[in-house]
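The structure file protein_9.pdb is reproduced below (PDB, C-alpha atoms).
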ATOM      1  CA  MET A   1      -7.370 -17.515  63.585
ATOM      2  CA  LYS A   2      -9.490 -14.501  64.517
ATOM      3  CA  LYS A   3      -6.732 -12.185  63.309
ATOM      4  CA  MET A   4      -6.582 -14.043  59.990
ATOM      5  CA  ILE A   5     -10.339 -13.680  59.473
ATOM      6  CA  VAL A   6     -10.174  -9.946  60.207
ATOM      7  CA  CYS A   7      -7.316  -9.506  57.702
ATOM      8  CA  LEU A   8      -9.150 -11.491  55.053
ATOM      9  CA  GLY A   9     -12.287  -9.427  55.588
ATOM     10  CA  ALA A  10     -10.350  -6.196  55.255
ATOM     11  CA  TYR A  11      -8.742  -7.456  52.037
ATOM     12  CA  LEU A  12     -12.107  -8.361  50.506
ATOM     13  CA  ILE A  13     -13.576  -4.974  51.382
ATOM     14  CA  VAL A  14     -10.665  -3.193  49.681
ATOM     15  CA  ALA A  15     -10.665  -5.547  46.676
ATOM     16  CA  PHE A  16     -14.369  -5.130  45.933
ATOM     17  CA  SER A  17     -14.104  -1.342  46.237
ATOM     18  CA  TYR A  18     -12.060  -1.326  42.982
ATOM     19  CA  LYS A  19     -13.566  -1.245  39.526
ATOM     20  CA  VAL A  20     -11.765  -2.018  36.265
ATOM     21  CA  VAL A  21     -11.810   0.530  33.421
ATOM     22  CA  SER A  22     -10.239  -0.563  30.122
ATOM     23  CA  ALA A  23      -9.352   1.126  26.837
ATOM     24  CA  ASP A  24      -7.972  -0.412  23.659
ATOM     25  CA  GLU A  25      -4.946   0.953  21.889
ATOM     26  CA  GLY A  26      -4.818  -0.001  18.213
ATOM     27  CA  VAL A  27      -2.089  -0.549  15.676
ATOM     28  CA  PRO A  28      -1.195   2.660  13.771
ATOM     29  CA  LEU A  29      -2.792   2.659  10.314
ATOM     30  CA  VAL A  30      -1.509   4.032   7.021
ATOM     31  CA  SER A  31      -2.357   7.708   6.699
ATOM     32  CA  GLU A  32      -4.722   8.669   3.895
ATOM     33  CA  ALA A  33      -2.146  11.160   2.619
ATOM     34  CA  ARG A  34       0.400   8.367   2.243
ATOM     35  CA  VAL A  35      -2.080   6.166   0.386
ATOM     36  CA  GLU A  36      -3.015   9.005  -1.973
ATOM     37  CA  SER A  37       0.644   9.801  -2.636
ATOM     38  CA  TYR A  38       1.462   6.151  -3.310
ATOM     39  CA  ILE A  39      -1.417   5.691  -5.775
ATOM     40  CA  SER A  40      -0.658   8.982  -7.534
ATOM     41  CA  GLN A  41       3.009   8.090  -8.002
ATOM     42  CA  LEU A  42       2.124   4.606  -9.228
ATOM     43  CA  TYR A  43      -0.324   6.021 -11.799
ATOM     44  CA  GLN A  44       2.305   8.445 -13.103
ATOM     45  CA  GLN A  45       4.762   5.557 -13.568
ATOM     46  CA  ILE A  46       2.392   3.507 -15.742
ATOM     47  CA  ASP A  47       3.208   3.759 -19.443
ATOM     48  CA  PHE A  48      -0.028   4.696 -21.227
ATOM     49  CA  SER A  49       1.830   6.155 -24.230
ATOM     50  CA  LYS A  50       0.521   3.629 -26.771
ATOM     51  CA  PHE A  51      -2.990   3.540 -25.345
ATOM     52  CA  THR A  52      -5.864   5.706 -24.190
ATOM     53  CA  PRO A  53      -5.090   6.612 -20.563
ATOM     54  CA  LEU A  54      -7.379   5.181 -17.928
ATOM     55  CA  SER A  55      -8.753   8.092 -15.913
ATOM     56  CA  TYR A  56      -6.999   8.673 -12.610
ATOM     57  CA  GLU A  57     -10.331   8.691 -10.737
ATOM     58  CA  VAL A  58     -11.171   5.184 -11.932
ATOM     59  CA  PHE A  59      -7.627   3.906 -11.431
ATOM     60  CA  ASP A  60      -7.618   5.243  -7.873
ATOM     61  CA  LYS A  61     -10.775   3.295  -7.035
ATOM     62  CA  ALA A  62      -9.617   0.157  -8.816
ATOM     63  CA  TYR A  63      -6.269   0.152  -7.048
ATOM     64  CA  ARG A  64      -7.736   0.782  -3.608
ATOM     65  CA  GLY A  65      -9.951  -2.261  -4.069
ATOM     66  CA  TYR A  66      -6.983  -4.230  -5.380
ATOM     67  CA  LEU A  67      -4.970  -3.351  -2.255
ATOM     68  CA  ASN A  68      -7.748  -4.359   0.099
ATOM     69  CA  LEU A  69      -8.329  -7.624  -1.742
ATOM     70  CA  ARG A  70      -4.600  -8.282  -1.660
ATOM     71  CA  ASN A  71      -4.331  -7.472   2.032
ATOM     72  CA  ALA A  72      -7.256  -9.822   2.676
ATOM     73  CA  GLY A  73      -5.412 -12.678   0.970
ATOM     74  CA  LYS A  74      -7.880 -12.917  -1.922
ATOM     75  CA  LEU A  75      -5.404 -12.466  -4.783
ATOM     76  CA  ASN A  76      -2.575 -14.410  -6.380
ATOM     77  CA  MET A  77       0.518 -12.625  -5.096
ATOM     78  CA  GLU A  78       2.620 -13.988  -7.966
ATOM     79  CA  ASN A  79       0.599 -12.188 -10.644
ATOM     80  CA  GLU A  80       0.326  -8.458  -9.983
ATOM     81  CA  VAL A  81      -2.192  -7.700 -12.723
ATOM     82  CA  ILE A  82      -5.325  -5.570 -12.456
ATOM     83  CA  SER A  83      -8.073  -5.364 -15.103
ATOM     84  CA  VAL A  84     -10.487  -2.434 -15.270
ATOM     85  CA  CYS A  85     -13.720  -2.121 -17.263
ATOM     86  CA  ASP A  86     -14.823   1.512 -17.252
ATOM     87  CA  PHE A  87     -18.524   1.294 -18.032
ATOM     88  CA  SER A  88     -18.931   5.051 -17.689
ATOM     89  CA  LEU A  89     -17.583   5.061 -21.267
ATOM     90  CA  PRO A  90     -19.596   3.976 -24.332
ATOM     91  CA  SER A  91     -19.004   0.517 -25.771
ATOM     92  CA  SER A  92     -17.644   2.056 -28.975
ATOM     93  CA  GLU A  93     -14.507   3.077 -27.051
ATOM     94  CA  ASN A  94     -11.636   0.973 -25.772
ATOM     95  CA  ARG A  95     -12.770   0.738 -22.159
ATOM     96  CA  LEU A  96     -10.942  -2.348 -20.878
ATOM     97  CA  TRP A  97      -7.454  -1.948 -19.455
ATOM     98  CA  VAL A  98      -5.241  -4.827 -18.327
ATOM     99  CA  ILE A  99      -2.290  -3.432 -16.389
ATOM    100  CA  ASP A 100       0.823  -5.185 -15.124
ATOM    101  CA  ILE A 101       1.306  -3.335 -11.839
ATOM    102  CA  ALA A 102       4.764  -4.771 -11.179
ATOM    103  CA  LYS A 103       6.085  -3.627 -14.573
ATOM    104  CA  ARG A 104       4.025  -0.409 -14.659
ATOM    105  CA  LYS A 105       2.842  -1.457 -18.103
ATOM    106  CA  VAL A 106      -0.480  -1.571 -19.964
ATOM    107  CA  LEU A 107      -0.825  -5.000 -21.525
ATOM    108  CA  PHE A 108      -4.187  -4.511 -23.255
ATOM    109  CA  ASN A 109      -6.545  -1.616 -23.919
ATOM    110  CA  THR A 110      -9.460  -2.797 -25.996
ATOM    111  CA  TYR A 111     -13.200  -3.213 -26.382
ATOM    112  CA  VAL A 112     -15.365  -4.954 -23.801
ATOM    113  CA  ALA A 113     -19.097  -5.632 -24.064
ATOM    114  CA  HIS A 114     -21.746  -5.136 -21.394
ATOM    115  CA  GLY A 115     -25.012  -6.997 -20.858
ATOM    116  CA  GLU A 116     -27.914  -6.357 -23.197
ATOM    117  CA  GLY A 117     -30.117  -5.516 -20.225
ATOM    118  CA  SER A 118     -27.715  -2.790 -19.110
ATOM    119  CA  GLY A 119     -28.191  -0.464 -22.087
ATOM    120  CA  ASP A 120     -27.405   0.077 -25.763
ATOM    121  CA  ASP A 121     -24.103   1.800 -26.520
ATOM    122  CA  SER A 122     -23.735   2.886 -22.902
ATOM    123  CA  ALA A 123     -24.414   0.826 -19.806
ATOM    124  CA  ASN A 124     -26.544   2.501 -17.157
ATOM    125  CA  SER A 125     -28.416  -0.302 -15.396
ATOM    126  CA  PHE A 126     -26.857  -3.152 -13.449
ATOM    127  CA  SER A 127     -28.048  -6.238 -11.635
ATOM    128  CA  ASN A 128     -26.915  -9.273  -9.685
ATOM    129  CA  ALA A 129     -30.028 -11.260 -10.568
ATOM    130  CA  VAL A 130     -30.153 -14.463 -12.592
ATOM    131  CA  ASN A 131     -31.654 -13.989 -16.095
ATOM    132  CA  SER A 132     -31.402 -10.195 -15.867
ATOM    133  CA  HIS A 133     -28.900 -10.204 -18.763
ATOM    134  CA  LYS A 134     -27.296  -7.216 -17.072
ATOM    135  CA  SER A 135     -23.713  -6.534 -16.117
ATOM    136  CA  SER A 136     -22.795  -6.475 -12.439
ATOM    137  CA  LEU A 137     -20.650  -3.784 -10.870
ATOM    138  CA  GLY A 138     -17.779  -4.355  -8.540
ATOM    139  CA  PHE A 139     -14.636  -6.304  -7.813
ATOM    140  CA  TYR A 140     -14.025  -9.822  -9.054
ATOM    141  CA  VAL A 141     -11.279 -12.351  -8.552
ATOM    142  CA  THR A 142     -10.582 -14.435 -11.639
ATOM    143  CA  GLY A 143     -10.880 -18.194 -11.419
ATOM    144  CA  ASP A 144     -10.027 -21.107 -13.678
ATOM    145  CA  ILE A 145     -10.249 -21.600 -17.434
ATOM    146  CA  TYR A 146     -12.782 -23.950 -19.015
ATOM    147  CA  ASN A 147     -14.229 -24.707 -22.431
ATOM    148  CA  GLY A 148     -17.903 -23.854 -22.697
ATOM    149  CA  GLU A 149     -20.554 -22.455 -24.995
ATOM    150  CA  HIS A 150     -18.251 -19.598 -26.029
ATOM    151  CA  GLY A 151     -15.105 -21.678 -26.267
ATOM    152  CA  THR A 152     -12.220 -20.929 -23.928
ATOM    153  CA  SER A 153     -13.636 -18.890 -21.039
ATOM    154  CA  LEU A 154     -12.524 -17.605 -17.641
ATOM    155  CA  ARG A 155     -14.673 -17.945 -14.527
ATOM    156  CA  LEU A 156     -15.237 -14.916 -12.304
ATOM    157  CA  ASN A 157     -15.896 -14.798  -8.578
ATOM    158  CA  GLY A 158     -17.818 -11.695  -7.525
ATOM    159  CA  MET A 159     -16.533 -10.203  -4.268
ATOM    160  CA  ASP A 160     -19.241  -7.601  -3.586
ATOM    161  CA  ASP A 161     -22.202  -8.982  -1.654
ATOM    162  CA  GLY A 162     -25.493  -8.060  -3.278
ATOM    163  CA  PHE A 163     -23.832  -6.512  -6.330
ATOM    164  CA  ASN A 164     -21.918  -9.289  -8.106
ATOM    165  CA  ASP A 165     -21.626 -12.259  -5.752
ATOM    166  CA  ALA A 166     -24.029 -14.258  -7.956
ATOM    167  CA  ALA A 167     -21.686 -13.979 -10.951
ATOM    168  CA  TYR A 168     -20.380 -17.538 -10.711
ATOM    169  CA  ASP A 169     -23.891 -19.024 -10.532
ATOM    170  CA  ARG A 170     -25.078 -16.741 -13.340
ATOM    171  CA  GLY A 171     -22.257 -17.932 -15.583
ATOM    172  CA  VAL A 172     -20.767 -14.452 -15.892
ATOM    173  CA  VAL A 173     -17.335 -15.118 -17.410
ATOM    174  CA  VAL A 174     -14.703 -13.552 -19.639
ATOM    175  CA  HIS A 175     -15.008 -14.921 -23.187
ATOM    176  CA  GLY A 176     -14.476 -13.902 -26.774
ATOM    177  CA  ALA A 177     -17.337 -12.717 -28.994
ATOM    178  CA  ASP A 178     -17.596 -11.920 -32.710
ATOM    179  CA  TYR A 179     -19.747  -8.868 -31.928
ATOM    180  CA  VAL A 180     -16.843  -7.163 -30.150
ATOM    181  CA  ASN A 181     -14.772  -5.549 -32.916
ATOM    182  CA  ASN A 182     -14.332  -2.491 -35.143
ATOM    183  CA  LYS A 183     -16.551  -3.903 -37.895
ATOM    184  CA  PHE A 184     -19.547  -4.259 -35.580
ATOM    185  CA  VAL A 185     -19.032  -0.738 -34.220
ATOM    186  CA  ALA A 186     -18.843   0.681 -37.747
ATOM    187  CA  SER A 187     -22.156  -1.006 -38.664
ATOM    188  CA  HIS A 188     -24.115  -0.363 -35.435
ATOM    189  CA  ASN A 189     -22.331   2.558 -33.737
ATOM    190  CA  ARG A 190     -21.880   0.285 -30.721
ATOM    191  CA  LEU A 191     -20.661  -3.161 -29.767
ATOM    192  CA  GLY A 192     -22.928  -6.159 -29.593
ATOM    193  CA  ARG A 193     -24.022  -7.096 -26.092
ATOM    194  CA  SER A 194     -23.699 -10.164 -23.925
ATOM    195  CA  TRP A 195     -25.962 -11.686 -21.294
ATOM    196  CA  GLY A 196     -23.904  -9.995 -18.598
ATOM    197  CA  CYS A 197     -20.406 -11.213 -19.408
ATOM    198  CA  PRO A 198     -17.494  -8.830 -20.030
ATOM    199  CA  ALA A 199     -16.940 -10.217 -23.533
ATOM    200  CA  VAL A 200     -13.756  -9.244 -25.402
ATOM    201  CA  PRO A 201     -12.584  -9.421 -29.037
ATOM    202  CA  THR A 202     -12.058 -12.919 -30.466
ATOM    203  CA  ALA A 203      -8.601 -11.858 -31.630
ATOM    204  CA  LEU A 204      -7.548 -11.116 -28.056
ATOM    205  CA  TYR A 205      -9.550 -13.327 -25.724
ATOM    206  CA  ARG A 206      -6.967 -16.085 -25.448
ATOM    207  CA  PRO A 207      -4.004 -13.824 -24.549
ATOM    208  CA  ILE A 208      -6.165 -11.731 -22.205
ATOM    209  CA  ILE A 209      -7.506 -14.784 -20.391
ATOM    210  CA  ASN A 210      -4.024 -16.273 -20.145
ATOM    211  CA  VAL A 211      -2.695 -13.091 -18.500
ATOM    212  CA  ILE A 212      -5.499 -12.501 -15.995
ATOM    213  CA  LYS A 213      -6.355 -16.102 -15.002
ATOM    214  CA  TYR A 214      -6.067 -17.661 -11.542
ATOM    215  CA  GLY A 215      -6.562 -15.027  -8.883
ATOM    216  CA  THR A 216      -6.154 -11.550 -10.361
ATOM    217  CA  CYS A 217      -8.386  -8.545  -9.759
ATOM    218  CA  LEU A 218     -11.037  -7.367 -12.219
ATOM    219  CA  PHE A 219     -12.997  -4.175 -11.495
ATOM    220  CA  ILE A 220     -16.161  -3.219 -13.366
ATOM    221  CA  TYR A 221     -16.754   0.478 -12.733
ATOM    222  CA  TYR A 222     -19.691   2.824 -13.130
ATOM    223  CA  PRO A 223     -20.350   5.965 -11.053
ATOM    224  CA  ASP A 224     -23.225   4.381  -9.155
ATOM    225  CA  ASN A 225     -23.531   6.085  -5.765
ATOM    226  CA  LYS A 226     -25.232   3.141  -4.089
ATOM    227  CA  TYR A 227     -22.430   0.791  -5.061
ATOM    228  CA  LEU A 228     -19.590   3.215  -4.360
ATOM    229  CA  SER A 229     -20.886   3.980  -0.873
ATOM    230  CA  SER A 230     -21.566   0.323  -0.044
ATOM    231  CA  THR A 231     -18.586  -1.704  -1.207
ATOM    232  CA  CYS A 232     -16.199  -2.626   1.577
ATOM    233  CA  TRP A 233     -13.300  -2.954  -0.868
ATOM    234  CA  LEU A 234     -13.369   0.780  -1.541
ATOM    235  CA  ASN A 235     -14.383   1.974   1.908
ATOM    236  CA  ARG A 236     -12.188  -0.245   4.072
ATOM    237  CA  LYS A 237      -9.142   1.434   5.594
ATOM    238  CA  ILE A 238      -5.940   0.480   3.756
ATOM    239  CA  VAL A 239      -3.467  -0.807   6.319
ATOM    240  CA  ARG A 240      -0.642  -1.993   4.078
ATOM    241  CA  LEU A 241       1.053  -0.956   0.864
ATOM    242  CA  PRO A 242       3.270  -3.114  -1.368
ATOM    243  CA  ASP A 243       7.027  -2.858  -0.983
ATOM    244  CA  ASN A 244       9.238  -4.306  -3.716
ATOM    245  CA  GLY A 245       6.462  -6.698  -4.703
ATOM    246  CA  MET A 246       6.025  -8.009  -1.166
ATOM    247  CA  MET A 247       3.526  -6.976   1.440
ATOM    248  CA  ALA A 248       5.130  -4.749   4.061
ATOM    249  CA  ASP A 249       3.957  -2.327   6.666
ATOM    250  CA  ALA A 250       3.431   1.047   5.043
ATOM    251  CA  LEU A 251       5.189   2.775   7.914
ATOM    252  CA  PRO A 252       8.519   0.920   8.134
ATOM    253  CA  GLN A 253      10.136   3.730  10.053
ATOM    254  CA  GLN A 254       7.790   3.054  12.959
ATOM    255  CA  ALA A 255       7.656  -0.228  14.810
ATOM    256  CA  PRO A 256       4.000  -1.319  14.951
ATOM    257  CA  LYS A 257       2.508  -0.993  18.397
ATOM    258  CA  PRO A 258       0.946  -4.139  19.802
ATOM    259  CA  ARG A 259      -2.747  -4.059  20.622
ATOM    260  CA  VAL A 260      -3.051  -3.712  24.375
ATOM    261  CA  ARG A 261      -5.623  -3.080  27.071
ATOM    262  CA  VAL A 262      -4.990  -0.497  29.756
ATOM    263  CA  ILE A 263      -6.593  -1.470  33.079
ATOM    264  CA  GLU A 264      -7.155   1.238  35.663
ATOM    265  CA  TYR A 265      -7.728   0.316  39.302
ATOM    266  CA  VAL A 266     -10.015   2.925  40.823
ATOM    267  CA  HIS A 267     -10.431   3.255  44.576
ATOM    268  CA  ASN A 268     -13.027   5.647  45.979
ATOM    269  CA  GLY A 269     -13.200   7.478  42.658
ATOM    270  CA  VAL A 270      -9.428   7.937  42.339
ATOM    271  CA  VAL A 271      -7.127   5.989  39.975
ATOM    272  CA  ASP A 272      -4.876   4.063  42.308
ATOM    273  CA  SER A 273      -2.772   2.253  39.700
ATOM    274  CA  THR A 274      -2.772   1.042  36.119
ATOM    275  CA  ARG A 275      -1.675  -2.107  34.337
ATOM    276  CA  THR A 276      -1.104  -2.710  30.611
ATOM    277  CA  VAL A 277      -1.704  -6.203  29.219
ATOM    278  CA  PRO A 278      -1.647  -7.517  25.627
ATOM    279  CA  LEU A 279      -5.052  -8.170  24.076
ATOM    280  CA  GLY A 280      -5.776 -11.879  24.063
ATOM    281  CA  ALA A 281      -4.126 -12.453  27.414
ATOM    282  CA  ALA A 282      -5.980 -14.636  29.913
ATOM    283  CA  GLY A 283      -8.957 -12.901  31.410
ATOM    284  CA  ASN A 284      -9.320 -10.370  28.522
TER     285      ASN A 284
END

Serialized structure, structure tokens:
Amino acid sequence: MKKMIVCLGAYLIVAFSYKVVSADEGVPLVSEARVESYISQLYQQIDFSKFTPLSYEVFDKAYRGYLNLRNAGKLNMENEVISVCDFSLPSSENRLWVIDIAKRKVLFNTYVAHGEGSGDDSANSFSNAVNSHKSSLGFYVTGDIYNGEHGTSLRLNGMDDGFNDAAYDRGVVVHGADYVNNKFVASHNRLGRSWGCPAVPTALYRPIINVIKYGTCLFIYYPDNKYLSSTCWLNRKIVRLPDNGMMADALPQQAPKPRVRVIEYVHNGVVDSTRTVPLGAAGN
């Protein structure tokens, strides 16, 4: 019995002289060079021949947000369409693009109005506030169709906290408007303006809404430094790229490494042994 107590005491002394040091090992992410190459090649494959080309700078931002929204499970995977409103351009220009990413095809390139509180011909002021009558920057996911004050309209869900997340409550929707056409531009040198909605021509609103409804990405762009530096959809690391229309790891040649914790057993200041355990295992 005495011998057992002595052995137990010796064991406890040794055991409590160890300390545990851990370090996490993460899953390899997609390199920025690979993301840039992918987006550049995709842009070059899109047929802009019948339309004004969307600038590469704006497309790059729009597509990065699209990828992050897609990776986060926010988009309808069966409809690979992205819509871009480039509000750095005047309203007298065709500044809405609807692009079928899967087919590398521009479906629409036409007028789109901004809010009357955002400016005259050009938009330069934006808000998320109710009754501001201003447009809101950022990424949206399209919702359902309904019949309202402006006829057939498409609900929008703002995805950027503090910038457009009040869009649904504000009633910011895609709808047709008779002040969005060539005749109005010829008379006023600009489009008419909405109360914050991205309004489109009455001749096109039904086909546009039908194409972009139910879970596609809409991006309203303006070179606003506060927004561009704040939005998670642009600044989040892209971890996956599409592959044949399905989500796949962007580095298929490398098997993804599991997330693990390396435990070092240190005795008297010297690493005695190590043990690697998966994250989430009991005791971690």

(request) Rank A:Tyr214, A:Tyr221, A:Trp97, A:Tyr168 by their smallest atom-to-atom distance to Phe48 in chain A, using only C-alpha atoms, and report the top residue only. (result)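 Answer, going by the shortest atom-to-atom distance: A:Trp97.
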
Compile the contact shell of Lys105 in chain A as an mmCIF file with C-alpha atoms, keeping the file's coordinate frame: residues with an atom at most 12 Å away, counting only C-alpha atoms, same-chain residues fewer than 3 positions apart removed.
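Generated output (around-v6.cif):
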data_model
loop_
_atom_site.group_PDB
_atom_site.id
_atom_site.type_symbol
_atom_site.label_atom_id
_atom_site.label_comp_id
_atom_site.auth_asym_id
_atom_site.auth_seq_id
_atom_site.Cartn_x
_atom_site.Cartn_y
_atom_site.Cartn_z
ATOM 1 C CA LEU A 42 2.124 4.606 -9.228
ATOM 2 C CA TYR A 43 -0.324 6.021 -11.799
ATOM 3 C CA GLN A 44 2.305 8.445 -13.103
ATOM 4 C CA GLN A 45 4.762 5.557 -13.568
ATOM 5 C CA ILE A 46 2.392 3.507 -15.742
ATOM 6 C CA ASP A 47 3.208 3.759 -19.443
ATOM 7 C CA PHE A 48 -0.028 4.696 -21.227
ATOM 8 C CA SER A 49 1.830 6.155 -24.230
ATOM 9 C CA LYS A 50 0.521 3.629 -26.771
ATOM 10 C CA PHE A 51 -2.990 3.540 -25.345
ATOM 11 C CA PRO A 53 -5.090 6.612 -20.563
ATOM 12 C CA GLU A 80 0.326 -8.458 -9.983
ATOM 13 C CA VAL A 81 -2.192 -7.700 -12.723
ATOM 14 C CA ILE A 82 -5.325 -5.570 -12.456
ATOM 15 C CA SER A 83 -8.073 -5.364 -15.103
ATOM 16 C CA TRP A 97 -7.454 -1.948 -19.455
ATOM 17 C CA VAL A 98 -5.241 -4.827 -18.327
ATOM 18 C CA ILE A 99 -2.290 -3.432 -16.389
ATOM 19 C CA ASP A 100 0.823 -5.185 -15.124
ATOM 20 C CA ILE A 101 1.306 -3.335 -11.839
ATOM 21 C CA ALA A 102 4.764 -4.771 -11.179
ATOM 22 C CA PHE A 108 -4.187 -4.511 -23.255
ATOM 23 C CA ASN A 109 -6.545 -1.616 -23.919
#

(message) Please list as an NGL selection string every residue within 12 Å of Arg190 in chain A, counting all atoms listed in the file and excluding residues in the same chain fewer than 2 positions away.
(response) :A and (89-94 or 111-114 or 116 or 119-123 or 179-188 or 192-193)

(message) Report, in Å to a single decimal, how far apart CA of Leu67 in chain A and CA of Pro242 in chain A are.
(response) 8.3 Å

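Here CA of Gly158 in chain A and CA of Asp243 in chain A stand 27.2 Å from one another.
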
The residues within 7 Å of (-13.7, -15.4, -14.8), using only C-alpha atoms and the coordinates of the file, should be reported as a PDB file with C-alpha atoms, in the coordinates of the input; which are they?
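Final file, result-v3.pdb:
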ATOM      1  CA  THR A 142     -10.582 -14.435 -11.639  1.00  0.00           C
ATOM      2  CA  GLY A 143     -10.880 -18.194 -11.419  1.00  0.00           C
ATOM      3  CA  ASP A 144     -10.027 -21.107 -13.678  1.00  0.00           C
ATOM      4  CA  LEU A 154     -12.524 -17.605 -17.641  1.00  0.00           C
ATOM      5  CA  ARG A 155     -14.673 -17.945 -14.527  1.00  0.00           C
ATOM      6  CA  LEU A 156     -15.237 -14.916 -12.304  1.00  0.00           C
ATOM      7  CA  ASN A 157     -15.896 -14.798  -8.578  1.00  0.00           C
ATOM      8  CA  VAL A 173     -17.335 -15.118 -17.410  1.00  0.00           C
ATOM      9  CA  VAL A 174     -14.703 -13.552 -19.639  1.00  0.00           C
TER      10      VAL A 174
END

(request) Work out how far CA of Arg64 in chain A is from CA of Leu29 in chain A, in Å to one decimal. (result) 14.9 Å

(request) Find the residues near range 224-234 of chain A: any atom within 10 Å, counting only C-alpha atoms, skip ones fewer than 4 places away on the same chain, and give them as a ChimeraX atom specification. (result) /A:60-69,72,88,124-126,137-139,159-163,238

Write the residues you've just listed into a file as a PDB file, keeping the file's coordinate frame, and include C-alpha atoms for each of them.
ATOM      1  CA  ASP A  60      -7.618   5.243  -7.873  1.00  0.00           C
ATOM      2  CA  LYS A  61     -10.775   3.295  -7.035  1.00  0.00           C
ATOM      3  CA  ALA A  62      -9.617   0.157  -8.816  1.00  0.00           C
ATOM      4  CA  TYR A  63      -6.269   0.152  -7.048  1.00  0.00           C
ATOM      5  CA  ARG A  64      -7.736   0.782  -3.608  1.00  0.00           C
ATOM      6  CA  GLY A  65      -9.951  -2.261  -4.069  1.00  0.00           C
ATOM      7  CA  TYR A  66      -6.983  -4.230  -5.380  1.00  0.00           C
ATOM      8  CA  LEU A  67      -4.970  -3.351  -2.255  1.00  0.00           C
ATOM      9  CA  ASN A  68      -7.748  -4.359   0.099  1.00  0.00           C
ATOM     10  CA  LEU A  69      -8.329  -7.624  -1.742  1.00  0.00           C
ATOM     11  CA  ALA A  72      -7.256  -9.822   2.676  1.00  0.00           C
ATOM     12  CA  SER A  88     -18.931   5.051 -17.689  1.00  0.00           C
ATOM     13  CA  ASN A 124     -26.544   2.501 -17.157  1.00  0.00           C
ATOM     14  CA  SER A 125     -28.416  -0.302 -15.396  1.00  0.00           C
ATOM     15  CA  PHE A 126     -26.857  -3.152 -13.449  1.00  0.00           C
ATOM     16  CA  LEU A 137     -20.650  -3.784 -10.870  1.00  0.00           C
ATOM     17  CA  GLY A 138     -17.779  -4.355  -8.540  1.00  0.00           C
ATOM     18  CA  PHE A 139     -14.636  -6.304  -7.813  1.00  0.00           C
ATOM     19  CA  MET A 159     -16.533 -10.203  -4.268  1.00  0.00           C
ATOM     20  CA  ASP A 160     -19.241  -7.601  -3.586  1.00  0.00           C
ATOM     21  CA  ASP A 161     -22.202  -8.982  -1.654  1.00  0.00           C
ATOM     22  CA  GLY A 162     -25.493  -8.060  -3.278  1.00  0.00           C
ATOM     23  CA  PHE A 163     -23.832  -6.512  -6.330  1.00  0.00           C
ATOM     24  CA  ILE A 238      -5.940   0.480   3.756  1.00  0.00           C
TER      25      ILE A 238
END

(request) Rank nothing, just name the residue among A:Gly171, A:Gly196, A:Pro207, A:Pro223 nearest to Ser118 in chain A, using only C-alpha atoms. (result) A:Gly196

Starting from 3 Å padding per side, set up an axis-aligned box that covers all listed atoms of range 42-52 of chain A and hand over centre and edge lengths in Å, one decimal, as lines of an AutoDock Vina configuration file.
center_x = -0.6
center_y = 6.0
center_z = -18.0
size_x = 16.6
size_y = 10.9
size_z = 23.5

(request) Just the residues within 7 Å of Gly117 in chain A, please, counting only C-alpha atoms, with nothing from its chain fewer than 3 positions along; format it as number ranges by chain. (result) A: 132-134

N, CA and C atoms for range 194-204 of chain A, written as a PDB file, keeping the file's coordinate frame, could you do that?
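Everything below was put into out35.pdb:
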ATOM      1  N   SER A 194     -23.696  -8.810 -24.472  1.00  0.00           N
ATOM      2  CA  SER A 194     -23.699 -10.164 -23.925  1.00  0.00           C
ATOM      3  C   SER A 194     -24.919 -10.359 -23.035  1.00  0.00           C
ATOM      4  N   TRP A 195     -24.925 -11.455 -22.302  1.00  0.00           N
ATOM      5  CA  TRP A 195     -25.962 -11.686 -21.294  1.00  0.00           C
ATOM      6  C   TRP A 195     -25.457 -11.324 -19.889  1.00  0.00           C
ATOM      7  N   GLY A 196     -24.466 -10.465 -19.868  1.00  0.00           N
ATOM      8  CA  GLY A 196     -23.904  -9.995 -18.598  1.00  0.00           C
ATOM      9  C   GLY A 196     -22.414 -10.200 -18.497  1.00  0.00           C
ATOM     10  N   CYS A 197     -21.846 -10.938 -19.441  1.00  0.00           N
ATOM     11  CA  CYS A 197     -20.406 -11.213 -19.408  1.00  0.00           C
ATOM     12  C   CYS A 197     -19.602 -10.040 -19.970  1.00  0.00           C
ATOM     13  N   PRO A 198     -18.414  -9.799 -19.418  1.00  0.00           N
ATOM     14  CA  PRO A 198     -17.494  -8.830 -20.030  1.00  0.00           C
ATOM     15  C   PRO A 198     -16.784  -9.509 -21.209  1.00  0.00           C
ATOM     16  N   ALA A 199     -17.461  -9.538 -22.353  1.00  0.00           N
ATOM     17  CA  ALA A 199     -16.940 -10.217 -23.533  1.00  0.00           C
ATOM     18  C   ALA A 199     -15.915  -9.340 -24.241  1.00  0.00           C
ATOM     19  N   VAL A 200     -14.868  -9.959 -24.775  1.00  0.00           N
ATOM     20  CA  VAL A 200     -13.756  -9.244 -25.402  1.00  0.00           C
ATOM     21  C   VAL A 200     -13.578  -9.722 -26.839  1.00  0.00           C
ATOM     22  N   PRO A 201     -12.762  -9.030 -27.638  1.00  0.00           N
ATOM     23  CA  PRO A 201     -12.584  -9.421 -29.037  1.00  0.00           C
ATOM     24  C   PRO A 201     -12.043 -10.846 -29.198  1.00  0.00           C
ATOM     25  N   THR A 202     -12.514 -11.545 -30.222  1.00  0.00           N
ATOM     26  CA  THR A 202     -12.058 -12.919 -30.466  1.00  0.00           C
ATOM     27  C   THR A 202     -10.562 -12.962 -30.770  1.00  0.00           C
ATOM     28  N   ALA A 203     -10.028 -11.888 -31.310  1.00  0.00           N
ATOM     29  CA  ALA A 203      -8.601 -11.858 -31.630  1.00  0.00           C
ATOM     30  C   ALA A 203      -7.727 -11.737 -30.386  1.00  0.00           C
ATOM     31  N   LEU A 204      -8.334 -11.372 -29.262  1.00  0.00           N
ATOM     32  CA  LEU A 204      -7.548 -11.116 -28.056  1.00  0.00           C
ATOM     33  C   LEU A 204      -7.949 -11.958 -26.858  1.00  0.00           C
TER      34      LEU A 204
END
